[in-house]
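Below: one structure, written as structure tokens.
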Amino acid sequence: MVQRPENHWKKSATWWPRMLWFVGFAALLYVALVVAMVVMERHFIFLPSRYDAAAFMPPAPAPQSRYPELEDVWLTAADGTRIHGWFCQPAVARPGGGHVPIETGMTLLWLHGNAGHIAARYGIIALFMDIPVNVFIIDYRGYGQSEGQPTEAGVYLDAAAAWQYLTEDRGIAGDRIVIFGKSLGGGPATELASKVEAAGLILQSTFTSIPDLATACYPFIPKFVVRSQMSSIDRIGAIACPKMIVHGPADEIIPYRMGRKLFDAASEPKTFYEVPDAGHNDTFAVGGVAYVAAVRAFIAGCTPE
């Protein structure tokens with residue numbers, strides 16, 4: 001049966017309003033989603049948690065093993081925010097109690113990732129005692145026992161306060177400090193290294209920039225709406241000290257290609273250390289002895305004669 005033209009027109013006339021309504025609703029939903037993510041941006045980037053300092057008890061070291069002797073440190077950032085950290089010195093546990101300090105001429109300034117706090121990283125700190133190297137690790141504002149709320153500008157101030165403490169309060173020369181940034185910590189680590197004269201810079205499992213990472217995780221988010229930057233890719237080329245980029249191809253959070261892009265953009269001297277089969281949060285465990293040896297070799301190469 002042949003359809004009459006006027007009936008076809010009537011059906012088209014009812015179909016178009018429905019389509020326009022659907023497109024308008026989808027566009028409104030998309031805008032609402034983008035606006036919500038922009039408003040909640042800080043909560044996507046920073047995942048701070050607290051811990052009870054009185055309840056935290058480091059595990060007892062086995063006799064003759066190396067472990068970190070912890071010293072509580074309180075800093076005041078340039079905006080007045082109080083920041084907490086640990087200065088960790090390598091030591092050997094004596095049978096029956098006590099310890100023997102291990103002398104080391106280098107210090108690692110550790111800027112950690114976006115979740116947890118320094119107490120959750122005690123076991124990893126212990127790995128670096130085998131290098132041996134002093135480790136100074138801080139909790140950003142809002143993390144652990146530190147005051148305030150984290151922001152991009154704020155964590156930059158926290159990193160600067162940590163550097164100031166090491167160089168001024170403890171009198172450690174800049175060429176004896178290696179800056180270490182893991183994941184989110186790569187942003188403040190690179191920013192700090194662009195302003196000071198450090199012995200070296202290690203970036204592990206980190207991103208090129210926050211907008212790049214945002215679009216990698218959420219392709220529907222346009223870069224121009226992301227306010228936080230942490231654009232390490234724009235800073236690393238001007239950093240003169242030796243650089244070590246560490247990344248695992250199996251990283252499920254920050255794409256491996258970002259580590260390679262940072263390495264390509266970095267100026268010499270530089271080295272790339274790949275940890276096969278390592279995801280985002282198990283690089284230390286998967287890398288094991290070989291990983292520690294690679295970090296030891298890099299730090300040794302940064303040590304002044």
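Naming scheme: A, B, ... for chains in displayed order of the structure tokens; residues 1 onward per chain; ligands 1 onward as shown.
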- Fewer than 5 positions away in the same chain doesn't count, so skip those; otherwise give me all residues within 8 Å of region 280-282 of chain A, counting only C-alpha atoms, as a PyMOL selection string. chain A and resi 205+248+250-254
So which residues touch His117 (chain A) within 12 Å, counting only C-alpha atoms, skipping near sequence neighbours fewer than 5 positions away, as a PDB file with C-alpha atoms, in the first residue's frame?
ATOM      1  CA  PHE A  46      43.534  15.202  46.339  1.00  0.00           C
ATOM      2  CA  LEU A  47      42.448  12.258  48.498  1.00  0.00           C
ATOM      3  CA  PRO A  48      43.859  13.124  51.931  1.00  0.00           C
ATOM      4  CA  SER A  49      43.465  10.999  55.035  1.00  0.00           C
ATOM      5  CA  ARG A  50      44.491  11.410  58.658  1.00  0.00           C
ATOM      6  CA  TYR A  51      46.191   9.070  61.107  1.00  0.00           C
ATOM      7  CA  ASP A  52      46.470   8.915  64.868  1.00  0.00           C
ATOM      8  CA  ALA A  53      50.077   9.750  65.722  1.00  0.00           C
ATOM      9  CA  PHE A  56      51.102   4.660  65.117  1.00  0.00           C
ATOM     10  CA  HIS A  84      54.186  17.744  59.476  1.00  0.00           C
ATOM     11  CA  GLY A  85      56.907  15.432  58.260  1.00  0.00           C
ATOM     12  CA  TRP A  86      59.478  12.809  59.228  1.00  0.00           C
ATOM     13  CA  TRP A 110      60.036  12.674  49.151  1.00  0.00           C
ATOM     14  CA  LEU A 111      56.785  14.207  47.875  1.00  0.00           C
ATOM     15  CA  HIS A 112      54.175  11.449  47.929  1.00  0.00           C
ATOM     16  CA  TYR A 122      56.751   3.571  56.322  1.00  0.00           C
ATOM     17  CA  ILE A 137      58.956  12.990  53.736  1.00  0.00           C
ATOM     18  CA  ILE A 138      56.158  15.460  54.386  1.00  0.00           C
ATOM     19  CA  ASP A 139      52.397  15.310  54.445  1.00  0.00           C
ATOM     20  CA  TYR A 140      50.863  18.034  52.295  1.00  0.00           C
ATOM     21  CA  ARG A 141      48.380  20.365  53.931  1.00  0.00           C
ATOM     22  CA  GLY A 142      45.242  18.453  54.848  1.00  0.00           C
ATOM     23  CA  TYR A 143      47.070  15.114  54.924  1.00  0.00           C
ATOM     24  CA  GLY A 144      48.190  13.188  58.001  1.00  0.00           C
ATOM     25  CA  GLN A 145      48.733  15.666  60.823  1.00  0.00           C
ATOM     26  CA  SER A 146      49.280  18.709  58.613  1.00  0.00           C
TER      27      SER A 146
END
- Item | Residue neighbourhood Gly96 (chain A), 12 Å, only C-alpha atoms, exclusion window fewer than 5 positions, as an MDAnalysis selection string | chainID A and resid 60:64
- Query: Excluding same-chain residues fewer than 4 positions from Phe272 (chain A), what lies within 7 Å of it counting only C-alpha atoms, as a list in words?
  - Reply: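 Near Phe272 (chain A), the qualifying residues are Met244, Ile245, Val246 and Phe263 of chain A.
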Those residues with N, CA and C atoms, as a tab-separated table (two decimals), in the first residue's frame please?
chain	number	residue	atom	x	y	z
A	244	MET	N	65.79	11.26	36.65
A	244	MET	CA	65.47	9.84	36.47
A	244	MET	C	63.95	9.71	36.41
A	245	ILE	N	63.45	9.15	35.32
A	245	ILE	CA	62.01	8.94	35.15
A	245	ILE	C	61.74	7.46	35.31
A	246	VAL	N	60.86	7.11	36.23
A	246	VAL	CA	60.52	5.72	36.51
A	246	VAL	C	59.04	5.50	36.17
A	263	PHE	N	60.17	12.09	29.80
A	263	PHE	CA	61.57	11.79	29.52
A	263	PHE	C	62.02	12.46	28.23
- Find the residues around Ala161 (chain A) up to 12 Å (only C-alpha atoms counted), leave out those fewer than 6 positions away in its own chain, and share them as JSON, numbers by chain. {"A": [73, 74, 75, 76, 77, 78, 79, 80, 81, 82, 83, 84, 85, 109, 111, 136, 137, 138, 139, 140, 141, 154, 155, 167, 168, 169, 188, 192]}
Once you have the residues from the selection above, write them out as an mmCIF file, in the first residue's frame, restricted to C-alpha atoms.
data_model
loop_
_atom_site.group_PDB
_atom_site.id
_atom_site.type_symbol
_atom_site.label_atom_id
_atom_site.label_comp_id
_atom_site.auth_asym_id
_atom_site.auth_seq_id
_atom_site.Cartn_x
_atom_site.Cartn_y
_atom_site.Cartn_z
ATOM 1 C CA VAL A 73 59.378 17.639 62.118
ATOM 2 C CA TRP A 74 56.959 20.572 61.998
ATOM 3 C CA LEU A 75 57.307 23.243 59.321
ATOM 4 C CA THR A 76 55.488 26.476 58.623
ATOM 5 C CA ALA A 77 54.758 27.175 54.969
ATOM 6 C CA ALA A 78 54.968 30.703 53.575
ATOM 7 C CA ASP A 79 51.220 31.232 54.076
ATOM 8 C CA GLY A 80 51.384 30.174 57.733
ATOM 9 C CA THR A 81 50.086 26.600 57.335
ATOM 10 C CA ARG A 82 51.770 24.076 59.663
ATOM 11 C CA ILE A 83 53.090 21.011 57.881
ATOM 12 C CA HIS A 84 54.186 17.744 59.476
ATOM 13 C CA GLY A 85 56.907 15.432 58.260
ATOM 14 C CA LEU A 109 63.132 14.795 49.724
ATOM 15 C CA LEU A 111 56.785 14.207 47.875
ATOM 16 C CA PHE A 136 62.635 13.565 54.468
ATOM 17 C CA ILE A 137 58.956 12.990 53.736
ATOM 18 C CA ILE A 138 56.158 15.460 54.386
ATOM 19 C CA ASP A 139 52.397 15.310 54.445
ATOM 20 C CA TYR A 140 50.863 18.034 52.295
ATOM 21 C CA ARG A 141 48.380 20.365 53.931
ATOM 22 C CA GLY A 154 49.364 25.035 48.595
ATOM 23 C CA VAL A 155 51.368 21.883 47.852
ATOM 24 C CA THR A 167 68.854 23.654 53.518
ATOM 25 C CA GLU A 168 68.452 26.255 56.281
ATOM 26 C CA ASP A 169 67.412 24.487 59.477
ATOM 27 C CA PRO A 188 55.344 19.802 43.191
ATOM 28 C CA LEU A 192 60.442 22.824 43.148
#
- Which of these residues is nearest to Ala238 (chain A), using only C-alpha atoms: A:Arg94, A:Arg170, A:Lys195, A:His99?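 Residue with the minimum atom-to-atom distance to Ala238 (chain A): A:Lys195.
Ranking A:Ser194, A:Ile177, A:Pro242, A:Glu268 by their shortest atom-to-atom distance to Tyr165 (chain A), with only C-alpha atoms included, puts A:Ile177 first.
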- Message: So, with only C-alpha atoms as the atoms that count, which of A:Ala160, A:Leu262, A:Ile210, A:Ile131 lies closest to Val289 (chain A)?
- Response: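 Result for the nearest residue to Val289 (chain A): A:Ile131.
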- Message: When you look at Val135 (chain A) with a cut-off of 8 Å (counting only C-alpha atoms), what residues show up, excluding the ones that are within fewer than 3 positions of it in the same chain? I need them as a PyMOL selection string.
- Response: chain A and resi 86-89+107-110+125+128
- To one decimal in Å, tell me the separation between CA of Ala189 (chain A) and CA of Leu166 (chain A).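 One can read the CA of Ala189 (chain A) to CA of Leu166 (chain A) distance as 14.7 Å.
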Just want the 9 Å neighbourhood of region 230-233 of chain A, counted on only C-alpha atoms, with same-chain residues fewer than 4 positions away dropped. Output as a PDB file with C-alpha atoms, in the first residue's frame.
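The result, stored in out.pdb:
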ATOM      1  CA  GLU A 152      47.868  23.148  43.780  1.00  0.00           C
ATOM      2  CA  LEU A 184      50.803  13.501  42.293  1.00  0.00           C
ATOM      3  CA  GLY A 186      55.681  14.676  40.535  1.00  0.00           C
ATOM      4  CA  GLY A 187      53.906  18.021  40.120  1.00  0.00           C
ATOM      5  CA  PRO A 188      55.344  19.802  43.191  1.00  0.00           C
ATOM      6  CA  ALA A 189      58.658  17.946  42.769  1.00  0.00           C
ATOM      7  CA  THR A 190      59.137  19.289  39.241  1.00  0.00           C
ATOM      8  CA  GLU A 191      57.968  22.773  40.235  1.00  0.00           C
ATOM      9  CA  PHE A 207      51.839  12.705  34.670  1.00  0.00           C
ATOM     10  CA  THR A 208      52.695  15.350  32.099  1.00  0.00           C
ATOM     11  CA  SER A 209      50.010  17.699  33.450  1.00  0.00           C
ATOM     12  CA  ILE A 210      46.685  17.550  35.285  1.00  0.00           C
ATOM     13  CA  PRO A 211      44.679  18.549  32.152  1.00  0.00           C
ATOM     14  CA  ASP A 212      46.426  15.783  30.169  1.00  0.00           C
ATOM     15  CA  GLY A 237      63.097  20.908  29.892  1.00  0.00           C
ATOM     16  CA  LYS A 261      56.777  12.075  27.137  1.00  0.00           C
ATOM     17  CA  LEU A 262      58.319  13.576  30.272  1.00  0.00           C
ATOM     18  CA  ALA A 265      60.946  16.579  27.029  1.00  0.00           C
ATOM     19  CA  ALA A 266      63.622  16.494  29.740  1.00  0.00           C
TER      20      ALA A 266
END
- Task: as an MDAnalysis selection string, list the residues of region 98-266 of chain A assigned to strand (DSSP E or B) by DSSP on the backbone atoms of this structure.
- Result: chainID A and resid 99:101 107:111 115:116 134:138 177:182 200:204 243:247
Filtering to N, CA and C atoms, could you give me those residues as a compact mmCIF listing (two decimals), in the first residue's frame?
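Written out: result_32.txt:
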# COMPACT_ATOMS: atom_id res chain seq x y z
N HIS A 99 70.51 0.92 68.51
CA HIS A 99 70.80 0.95 67.08
C HIS A 99 72.13 1.65 66.84
N VAL A 100 72.66 1.43 65.65
CA VAL A 100 73.88 2.08 65.20
C VAL A 100 73.53 2.92 63.98
N PRO A 101 73.72 4.25 64.03
CA PRO A 101 73.40 5.08 62.86
C PRO A 101 74.29 4.74 61.67
N THR A 107 70.43 13.10 50.93
CA THR A 107 69.07 13.13 51.48
C THR A 107 68.06 13.13 50.34
N LEU A 108 67.03 12.30 50.50
CA LEU A 108 65.94 12.23 49.52
C LEU A 108 64.76 13.01 50.07
N LEU A 109 64.32 14.03 49.35
CA LEU A 109 63.13 14.79 49.72
C LEU A 109 61.95 14.18 48.98
N TRP A 110 61.09 13.49 49.74
CA TRP A 110 60.04 12.67 49.15
C TRP A 110 58.70 13.41 49.20
N LEU A 111 58.10 13.61 48.02
CA LEU A 111 56.78 14.21 47.88
C LEU A 111 55.86 13.12 47.35
N ALA A 115 46.95 10.12 47.73
CA ALA A 115 46.12 9.47 48.74
C ALA A 115 46.97 9.11 49.96
N GLY A 116 46.27 8.88 51.09
CA GLY A 116 46.96 8.41 52.28
C GLY A 116 47.73 9.47 53.02
N ASN A 134 69.30 9.40 53.71
CA ASN A 134 68.30 9.99 54.58
C ASN A 134 67.05 10.26 53.74
N VAL A 135 65.88 10.14 54.36
CA VAL A 135 64.62 10.44 53.67
C VAL A 135 63.86 11.48 54.49
N PHE A 136 63.52 12.59 53.84
CA PHE A 136 62.64 13.57 54.47
C PHE A 136 61.33 13.54 53.70
N ILE A 137 60.27 13.11 54.37
CA ILE A 137 58.96 12.99 53.74
C ILE A 137 57.97 13.86 54.49
N ILE A 138 57.15 14.59 53.75
CA ILE A 138 56.16 15.46 54.39
C ILE A 138 54.75 15.04 53.98
N ILE A 177 70.86 16.99 48.02
CA ILE A 177 69.43 16.65 48.12
C ILE A 177 68.91 16.21 46.75
N VAL A 178 68.30 15.03 46.72
CA VAL A 178 67.61 14.54 45.53
C VAL A 178 66.11 14.65 45.79
N ILE A 179 65.39 15.32 44.90
CA ILE A 179 63.95 15.48 45.04
C ILE A 179 63.27 14.29 44.38
N PHE A 180 62.33 13.69 45.11
CA PHE A 180 61.64 12.49 44.64
C PHE A 180 60.14 12.76 44.62
N GLY A 181 59.50 12.66 43.46
CA GLY A 181 58.07 12.88 43.33
C GLY A 181 57.38 11.66 42.79
N LYS A 182 56.45 11.11 43.57
CA LYS A 182 55.69 9.92 43.16
C LYS A 182 54.27 10.34 42.81
N GLY A 200 69.54 16.16 42.17
CA GLY A 200 68.86 15.35 41.16
C GLY A 200 67.37 15.37 41.37
N LEU A 201 66.65 14.82 40.39
CA LEU A 201 65.20 14.76 40.43
C LEU A 201 64.76 13.39 39.95
N ILE A 202 63.96 12.69 40.78
CA ILE A 202 63.38 11.41 40.40
C ILE A 202 61.87 11.59 40.32
N LEU A 203 61.30 11.22 39.18
CA LEU A 203 59.85 11.28 38.98
C LEU A 203 59.35 9.87 38.71
N GLN A 204 58.45 9.39 39.55
CA GLN A 204 57.98 8.01 39.43
C GLN A 204 56.48 7.96 39.21
N LYS A 243 68.18 13.79 35.91
CA LYS A 243 66.78 13.39 36.09
C LYS A 243 66.62 11.89 35.82
N MET A 244 65.79 11.26 36.65
CA MET A 244 65.47 9.84 36.47
C MET A 244 63.95 9.71 36.41
N ILE A 245 63.45 9.15 35.32
CA ILE A 245 62.01 8.94 35.15
C ILE A 245 61.74 7.46 35.31
N VAL A 246 60.86 7.11 36.23
CA VAL A 246 60.52 5.72 36.51
C VAL A 246 59.04 5.50 36.17
N HIS A 247 58.74 4.46 35.41
CA HIS A 247 57.34 4.17 35.08
C HIS A 247 57.21 2.71 34.70
- Query: What is the distance between CA of Thr104 (chain A) and CA of Val133 (chain A), in Å to one decimal?
  - Reply: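 Spanning CA of Thr104 (chain A) to CA of Val133 (chain A) is a straight-line distance of 5.8 Å.
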- Note on the structure: Restricting to only C-alpha atoms, whichever of A:Pro249, A:Pro269, A:Pro222, A:Pro58 is closest to Ile236 (chain A) is A:Pro269
- Query: How many Å separate CA of Ala93 (chain A) from CA of Ser65 (chain A)?
  - Reply: 5.7 Å
